[in-house]
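Okay, start.pdb is below, PDB, C-alpha atoms and all ligand atoms:
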```pdb
MODEL        1
ATOM      1  CA  MET N   1      36.011 -10.919  23.000  1.00  0.00           C
ATOM      2  CA  GLU N   2      36.795  -9.355  26.335  1.00  0.00           C
ATOM      3  CA  ARG N   3      36.173  -5.945  27.874  1.00  0.00           C
ATOM      4  CA  THR N   4      38.331  -3.988  30.289  1.00  0.00           C
ATOM      5  CA  LEU N   5      38.194  -0.583  31.954  1.00  0.00           C
ATOM      6  CA  SER N   6      40.897   1.950  31.183  1.00  0.00           C
ATOM      7  CA  ILE N   7      41.385   5.290  32.915  1.00  0.00           C
ATOM      8  CA  ILE N   8      43.660   8.062  31.690  1.00  0.00           C
ATOM      9  CA  LYS N   9      44.496   9.544  35.091  1.00  0.00           C
ATOM     10  CA  PRO N  10      44.640  13.283  35.941  1.00  0.00           C
ATOM     11  CA  ASP N  11      48.395  13.386  35.198  1.00  0.00           C
ATOM     12  CA  GLY N  12      47.823  11.902  31.722  1.00  0.00           C
ATOM     13  CA  VAL N  13      45.040  14.380  30.958  1.00  0.00           C
ATOM     14  CA  ARG N  14      47.212  17.272  32.226  1.00  0.00           C
ATOM     15  CA  LYS N  15      50.110  16.199  29.998  1.00  0.00           C
ATOM     16  CA  ASN N  16      47.752  16.389  26.979  1.00  0.00           C
ATOM     17  CA  ILE N  17      48.539  12.833  25.866  1.00  0.00           C
ATOM     18  CA  THR N  18      44.949  11.503  25.755  1.00  0.00           C
ATOM     19  CA  GLY N  19      45.115  11.121  21.956  1.00  0.00           C
ATOM     20  CA  GLU N  20      48.551   9.478  22.060  1.00  0.00           C
ATOM     21  CA  ILE N  21      47.327   6.902  24.587  1.00  0.00           C
ATOM     22  CA  ILE N  22      44.142   6.153  22.629  1.00  0.00           C
ATOM     23  CA  ARG N  23      46.223   5.828  19.446  1.00  0.00           C
ATOM     24  CA  ARG N  24      48.303   3.134  21.139  1.00  0.00           C
ATOM     25  CA  PHE N  25      45.169   1.211  22.193  1.00  0.00           C
ATOM     26  CA  GLU N  26      43.637   1.405  18.711  1.00  0.00           C
ATOM     27  CA  SER N  27      46.909   0.539  16.949  1.00  0.00           C
ATOM     28  CA  ALA N  28      47.105  -2.614  19.074  1.00  0.00           C
ATOM     29  CA  GLY N  29      43.617  -3.618  17.902  1.00  0.00           C
ATOM     30  CA  LEU N  30      41.553  -2.556  20.912  1.00  0.00           C
ATOM     31  CA  LYS N  31      38.208  -0.887  20.197  1.00  0.00           C
ATOM     32  CA  ILE N  32      36.754   1.959  22.265  1.00  0.00           C
ATOM     33  CA  ALA N  33      33.366   0.562  23.275  1.00  0.00           C
ATOM     34  CA  ALA N  34      32.595   3.497  25.607  1.00  0.00           C
ATOM     35  CA  MET N  35      34.338   6.709  26.619  1.00  0.00           C
ATOM     36  CA  LYS N  36      33.730   9.820  28.732  1.00  0.00           C
ATOM     37  CA  LYS N  37      35.618  12.562  30.550  1.00  0.00           C
ATOM     38  CA  ILE N  38      34.671  12.980  34.205  1.00  0.00           C
ATOM     39  CA  HIS N  39      35.946  14.676  37.339  1.00  0.00           C
ATOM     40  CA  MET N  40      35.598  12.176  40.200  1.00  0.00           C
ATOM     41  CA  SER N  41      34.727  13.270  43.709  1.00  0.00           C
ATOM     42  CA  LYS N  42      36.973  11.936  46.468  1.00  0.00           C
ATOM     43  CA  GLU N  43      34.105   9.594  47.460  1.00  0.00           C
ATOM     44  CA  THR N  44      33.793   8.233  43.915  1.00  0.00           C
ATOM     45  CA  ALA N  45      37.564   7.580  43.805  1.00  0.00           C
ATOM     46  CA  GLU N  46      37.393   5.900  47.239  1.00  0.00           C
ATOM     47  CA  GLY N  47      34.623   3.596  46.051  1.00  0.00           C
ATOM     48  CA  PHE N  48      36.494   2.742  42.868  1.00  0.00           C
ATOM     49  CA  TYR N  49      39.687   1.867  44.757  1.00  0.00           C
ATOM     50  CA  ALA N  50      37.894   0.252  47.751  1.00  0.00           C
ATOM     51  CA  VAL N  51      40.023  -2.864  47.237  1.00  0.00           C
ATOM     52  CA  HIS N  52      43.059  -0.778  48.346  1.00  0.00           C
ATOM     53  CA  LYS N  53      41.351   0.640  51.455  1.00  0.00           C
ATOM     54  CA  GLY N  54      43.748   0.444  54.426  1.00  0.00           C
ATOM     55  CA  LYS N  55      46.894   0.498  52.289  1.00  0.00           C
ATOM     56  CA  PHE N  56      49.387   3.271  53.004  1.00  0.00           C
ATOM     57  CA  PHE N  57      48.852   4.864  49.576  1.00  0.00           C
ATOM     58  CA  TYR N  58      45.013   4.824  49.627  1.00  0.00           C
ATOM     59  CA  ASP N  59      44.437   8.404  50.789  1.00  0.00           C
ATOM     60  CA  GLU N  60      47.041   9.937  48.455  1.00  0.00           C
ATOM     61  CA  LEU N  61      45.789   7.797  45.564  1.00  0.00           C
ATOM     62  CA  THR N  62      42.152   8.821  45.975  1.00  0.00           C
ATOM     63  CA  SER N  63      43.122  12.504  46.405  1.00  0.00           C
ATOM     64  CA  PHE N  64      45.191  12.330  43.230  1.00  0.00           C
ATOM     65  CA  MET N  65      42.427  10.594  41.256  1.00  0.00           C
ATOM     66  CA  SER N  66      39.931  13.292  42.274  1.00  0.00           C
ATOM     67  CA  GLU N  67      42.183  16.331  41.748  1.00  0.00           C
ATOM     68  CA  GLY N  68      41.317  16.776  38.053  1.00  0.00           C
ATOM     69  CA  PRO N  69      39.423  15.268  35.127  1.00  0.00           C
ATOM     70  CA  VAL N  70      40.104  11.762  33.848  1.00  0.00           C
ATOM     71  CA  VAL N  71      39.083   9.881  30.700  1.00  0.00           C
ATOM     72  CA  VAL N  72      37.359   6.564  31.395  1.00  0.00           C
ATOM     73  CA  MET N  73      36.987   4.020  28.617  1.00  0.00           C
ATOM     74  CA  VAL N  74      35.756   0.527  28.002  1.00  0.00           C
ATOM     75  CA  LEU N  75      38.257  -1.220  25.725  1.00  0.00           C
ATOM     76  CA  GLU N  76      37.144  -4.279  23.819  1.00  0.00           C
ATOM     77  CA  GLY N  77      39.083  -6.964  21.996  1.00  0.00           C
ATOM     78  CA  GLU N  78      40.658 -10.379  22.204  1.00  0.00           C
ATOM     79  CA  ASN N  79      42.448 -10.703  25.551  1.00  0.00           C
ATOM     80  CA  ALA N  80      41.688  -7.030  26.177  1.00  0.00           C
ATOM     81  CA  ILE N  81      42.628  -7.179  29.879  1.00  0.00           C
ATOM     82  CA  ALA N  82      46.105  -8.630  29.328  1.00  0.00           C
ATOM     83  CA  LEU N  83      46.717  -6.600  26.164  1.00  0.00           C
ATOM     84  CA  ASN N  84      45.849  -3.340  27.912  1.00  0.00           C
ATOM     85  CA  ARG N  85      48.162  -4.229  30.808  1.00  0.00           C
ATOM     86  CA  LYS N  86      50.953  -5.013  28.356  1.00  0.00           C
ATOM     87  CA  LEU N  87      50.501  -1.634  26.642  1.00  0.00           C
ATOM     88  CA  MET N  88      50.444   0.160  30.031  1.00  0.00           C
ATOM     89  CA  GLY N  89      53.556  -1.512  31.478  1.00  0.00           C
ATOM     90  CA  ALA N  90      54.201  -2.337  35.143  1.00  0.00           C
ATOM     91  CA  THR N  91      52.548  -0.275  37.914  1.00  0.00           C
ATOM     92  CA  ASN N  92      56.023   0.863  38.951  1.00  0.00           C
ATOM     93  CA  PHE N  93      57.250   2.789  35.903  1.00  0.00           C
ATOM     94  CA  LYS N  94      60.841   1.855  36.733  1.00  0.00           C
ATOM     95  CA  GLU N  95      59.938  -1.787  36.060  1.00  0.00           C
ATOM     96  CA  ALA N  96      57.845  -1.041  32.950  1.00  0.00           C
ATOM     97  CA  ASP N  97      59.104  -2.404  29.621  1.00  0.00           C
ATOM     98  CA  PRO N  98      60.519   0.180  27.180  1.00  0.00           C
ATOM     99  CA  GLY N  99      57.888   1.557  24.819  1.00  0.00           C
ATOM    100  CA  THR N 100      55.013   1.067  27.257  1.00  0.00           C
ATOM    101  CA  ILE N 101      52.787   3.983  28.289  1.00  0.00           C
ATOM    102  CA  ARG N 102      54.133   4.079  31.835  1.00  0.00           C
ATOM    103  CA  ALA N 103      57.783   3.739  30.760  1.00  0.00           C
ATOM    104  CA  ASP N 104      57.290   6.653  28.370  1.00  0.00           C
ATOM    105  CA  PHE N 105      55.144   8.990  30.504  1.00  0.00           C
ATOM    106  CA  ALA N 106      54.869   8.012  34.220  1.00  0.00           C
ATOM    107  CA  GLU N 107      56.707  10.033  36.845  1.00  0.00           C
ATOM    108  CA  SER N 108      56.277   7.823  39.914  1.00  0.00           C
ATOM    109  CA  ILE N 109      54.488   4.695  41.118  1.00  0.00           C
ATOM    110  CA  GLN N 110      51.594   6.977  42.119  1.00  0.00           C
ATOM    111  CA  PHE N 111      51.518   9.288  39.086  1.00  0.00           C
ATOM    112  CA  ASN N 112      51.482   6.459  36.566  1.00  0.00           C
ATOM    113  CA  VAL N 113      49.215   7.984  33.856  1.00  0.00           C
ATOM    114  CA  VAL N 114      46.829   5.067  33.292  1.00  0.00           C
ATOM    115  CA  HIS N 115      44.784   2.464  35.132  1.00  0.00           C
ATOM    116  CA  GLY N 116      43.596  -0.853  33.727  1.00  0.00           C
ATOM    117  CA  SER N 117      41.509  -3.671  35.193  1.00  0.00           C
ATOM    118  CA  ASP N 118      43.644  -6.618  36.288  1.00  0.00           C
ATOM    119  CA  ALA N 119      41.186  -9.551  35.963  1.00  0.00           C
ATOM    120  CA  PRO N 120      37.720 -10.410  34.548  1.00  0.00           C
ATOM    121  CA  ASP N 121      35.923  -9.911  37.888  1.00  0.00           C
ATOM    122  CA  THR N 122      37.535  -6.523  38.536  1.00  0.00           C
ATOM    123  CA  ALA N 123      36.836  -5.493  34.924  1.00  0.00           C
ATOM    124  CA  GLU N 124      33.151  -6.262  35.412  1.00  0.00           C
ATOM    125  CA  PHE N 125      33.000  -4.243  38.645  1.00  0.00           C
ATOM    126  CA  GLU N 126      35.016  -1.331  37.230  1.00  0.00           C
ATOM    127  CA  ILE N 127      33.048  -1.083  33.955  1.00  0.00           C
ATOM    128  CA  GLY N 128      29.772  -1.139  35.895  1.00  0.00           C
ATOM    129  CA  TYR N 129      31.105   1.529  38.256  1.00  0.00           C
ATOM    130  CA  PHE N 130      31.263   4.109  35.463  1.00  0.00           C
ATOM    131  CA  PHE N 131      29.031   2.913  32.625  1.00  0.00           C
ATOM    132  CA  LYS N 132      25.425   1.789  32.192  1.00  0.00           C
ATOM    133  CA  PRO N 133      24.986  -1.119  29.749  1.00  0.00           C
ATOM    134  CA  GLU N 134      23.303   1.215  27.211  1.00  0.00           C
ATOM    135  CA  GLU N 135      26.390   3.474  27.176  1.00  0.00           C
ATOM    136  CA  ILE N 136      28.621   0.660  25.914  1.00  0.00           C
ATOM    137  CA  PHE N 137      28.715  -0.032  22.151  1.00  0.00           C
TER     138      PHE N 137
HETATM  139  P1  LIG Q 201      46.593   1.497  39.519  1.00  0.00           P
HETATM  140  O1  LIG Q 201      46.902   0.523  38.455  1.00  0.00           O
HETATM  141  O2  LIG Q 201      45.569   2.530  39.257  1.00  0.00           O
HETATM  142  O3  LIG Q 201      46.184   0.698  40.860  1.00  0.00           O
HETATM  143  C1  LIG Q 201      46.381   1.232  42.160  1.00  0.00           C
HETATM  144  C2  LIG Q 201      47.161   2.504  42.149  1.00  0.00           C
HETATM  145  O4  LIG Q 201      47.712   2.901  43.399  1.00  0.00           O
HETATM  146  C3  LIG Q 201      48.369   2.377  41.249  1.00  0.00           C
HETATM  147  O5  LIG Q 201      47.964   2.284  39.902  1.00  0.00           O
HETATM  148  C4  LIG Q 201      49.170   3.609  41.636  1.00  0.00           C
HETATM  149  O6  LIG Q 201      48.701   4.787  41.002  1.00  0.00           O
HETATM  150  C5  LIG Q 201      48.824   3.756  43.132  1.00  0.00           C
HETATM  151  N1  LIG Q 201      49.948   3.443  43.998  1.00  0.00           N
HETATM  152  C6  LIG Q 201      50.609   4.318  44.759  1.00  0.00           C
HETATM  153  N2  LIG Q 201      51.570   3.726  45.473  1.00  0.00           N
HETATM  154  C7  LIG Q 201      51.528   2.424  45.169  1.00  0.00           C
HETATM  155  C8  LIG Q 201      52.281   1.293  45.593  1.00  0.00           C
HETATM  156  N3  LIG Q 201      53.284   1.387  46.451  1.00  0.00           N
HETATM  157  N4  LIG Q 201      51.951   0.093  45.063  1.00  0.00           N
HETATM  158  C9  LIG Q 201      50.939  -0.003  44.164  1.00  0.00           C
HETATM  159  N5  LIG Q 201      50.191   1.041  43.739  1.00  0.00           N
HETATM  160  C10 LIG Q 201      50.483   2.240  44.230  1.00  0.00           C
ENDMDL
END
```

Kindly return the structure encoded in the file as structure tokens.
Amino acid sequence: MERTLSIIKPDGVRKNITGEIIRRFESAGLKIAAMKKIHMSKETAEGFYAVHKGKFFYDELTSFMSEGPVVVMVLEGENAIALNRKLMGATNFKEADPGTIRADFAESIQFNVVHGSDAPDTAEFEIGYFFKPEEIF
């Protein structure tokens, strides 16, 4: 069993596809171990994406992630990290496989609807960034 952090970004929430995205996770066998809707401050988004600090897209990314509410979830299952990334599709929606969340709903490399942890160490950091252990079931 593995856990990963998923975020439905402000563009996904605005498009009203939260249920559609969760349906895809559950249909693929992932369980929602924790979930909440939050509106991040710019500082919270900067801390979350600290690994990208200094990159040309960092300021725009953290502004975008704090411009409206998001849904953060802990997904649990076998190979949850890789499975979630497969369901999301490539970061650049133009390279995402047909039928993936980003191929179906993303509008640009920036406005790409969902985020998912990319490795066990980042998953641990990202889950702990938003959830206390007692909030995860
Ligand atoms: P995410 O998976 O959340 O990880 C970092 C985010 O930065 C990425 O999705 C995109 O929303 C955003 N981003 C914007 N421009 C780029 C870029 N050129 N390369 C990678 N990520 C980018």

Under the rule of at most 7 Å, produce a per-residue listing of chain N near ligand LIG 201 (chain Q): chain, number, name, the closest pair of atoms, and the distance in Å, as JSON lines, using only C-alpha atoms and all ligand atoms.
```
{"residue": "N:Phe57", "atom": "CA", "partner": "Q:LIG201", "partner_atom": "N2", "distance": 5.1}
{"residue": "N:Leu61", "atom": "CA", "partner": "Q:LIG201", "partner_atom": "C5", "distance": 5.6}
{"residue": "N:Thr91", "atom": "CA", "partner": "Q:LIG201", "partner_atom": "O5", "distance": 5.6}
{"residue": "N:Ile109", "atom": "CA", "partner": "Q:LIG201", "partner_atom": "N2", "distance": 5.3}
{"residue": "N:Gln110", "atom": "CA", "partner": "Q:LIG201", "partner_atom": "O6", "distance": 3.8}
{"residue": "N:Phe111", "atom": "CA", "partner": "Q:LIG201", "partner_atom": "O6", "distance": 5.6}
{"residue": "N:Asn112", "atom": "CA", "partner": "Q:LIG201", "partner_atom": "O6", "distance": 5.5}
{"residue": "N:Val114", "atom": "CA", "partner": "Q:LIG201", "partner_atom": "O2", "distance": 6.6}
{"residue": "N:His115", "atom": "CA", "partner": "Q:LIG201", "partner_atom": "O2", "distance": 4.2}
{"residue": "N:Gly116", "atom": "CA", "partner": "Q:LIG201", "partner_atom": "O1", "distance": 5.9}
```

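Between atom CA of Ala80 of chain N and atom CA of Asn16 of chain N the separation is 24.2 Å.
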
Take every atom of segment 109-120 of chain N listed in the file, pad by 4 Å on each side, and give me the axis-aligned box centre and edge lengths in Å, one decimal, as JSON.
```
{"center_x": 46.1, "center_y": -0.6, "center_z": 37.7, "size_x": 24.8, "size_y": 27.7, "size_z": 16.8}
```

Could you state which residues are captured by the PyMOL selection byres (((chain N and resi 105) around 12) and not hetatm) in this file, as a ChimeraX atom specification?
/N:8-9,11-18,20-21,88-89,92-94,96,98-104,106-109,111-114

Any chance you could resolve the PyMOL selection byres (((chain N and resi 130) around 12) and not hetatm) against this file and give the residues as a PyMOL selection string?
chain N and resi 4-7+34-40+44-45+47-48+70-74+123-129+131-136

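When all atoms listed in the file are used to compute distances to Phe64 of chain N, the closest of the residues N:Ser27, N:Gly77, N:Lys42, N:Asp97 turns out to be N:Lys42.
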
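When atom CA of Glu76 of chain N is paired with atom CA of Ser41 of chain N, their separation reads 26.6 Å.
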
So how many Å separate atom CA of Ala50 of chain N and atom CA of Ala33 of chain N, to one decimal?
24.9 Å

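Taking all atoms listed in the file into account, Arg24 of chain N lies nearest to N:Leu75 out of the set N:Leu75, N:Ala90, N:Gly68, N:Ala119.
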
Out of N:Glu67, N:Glu78, N:Glu60, N:Glu43, which residue has the shortest atom-to-atom distance to Leu30 of chain N when counting all atoms listed in the file?
N:Glu78

Find the residue from N:Phe56, N:Ile81, N:Phe137, N:Ser66 that sits nearest to Asp121 of chain N; use all atoms listed in the file when measuring.
N:Ile81

Have a look at N:Pro10, N:Ala28, N:Ser117, N:Lys86 and name the one nearest to Ser63 of chain N; count only C-alpha atoms.
N:Pro10
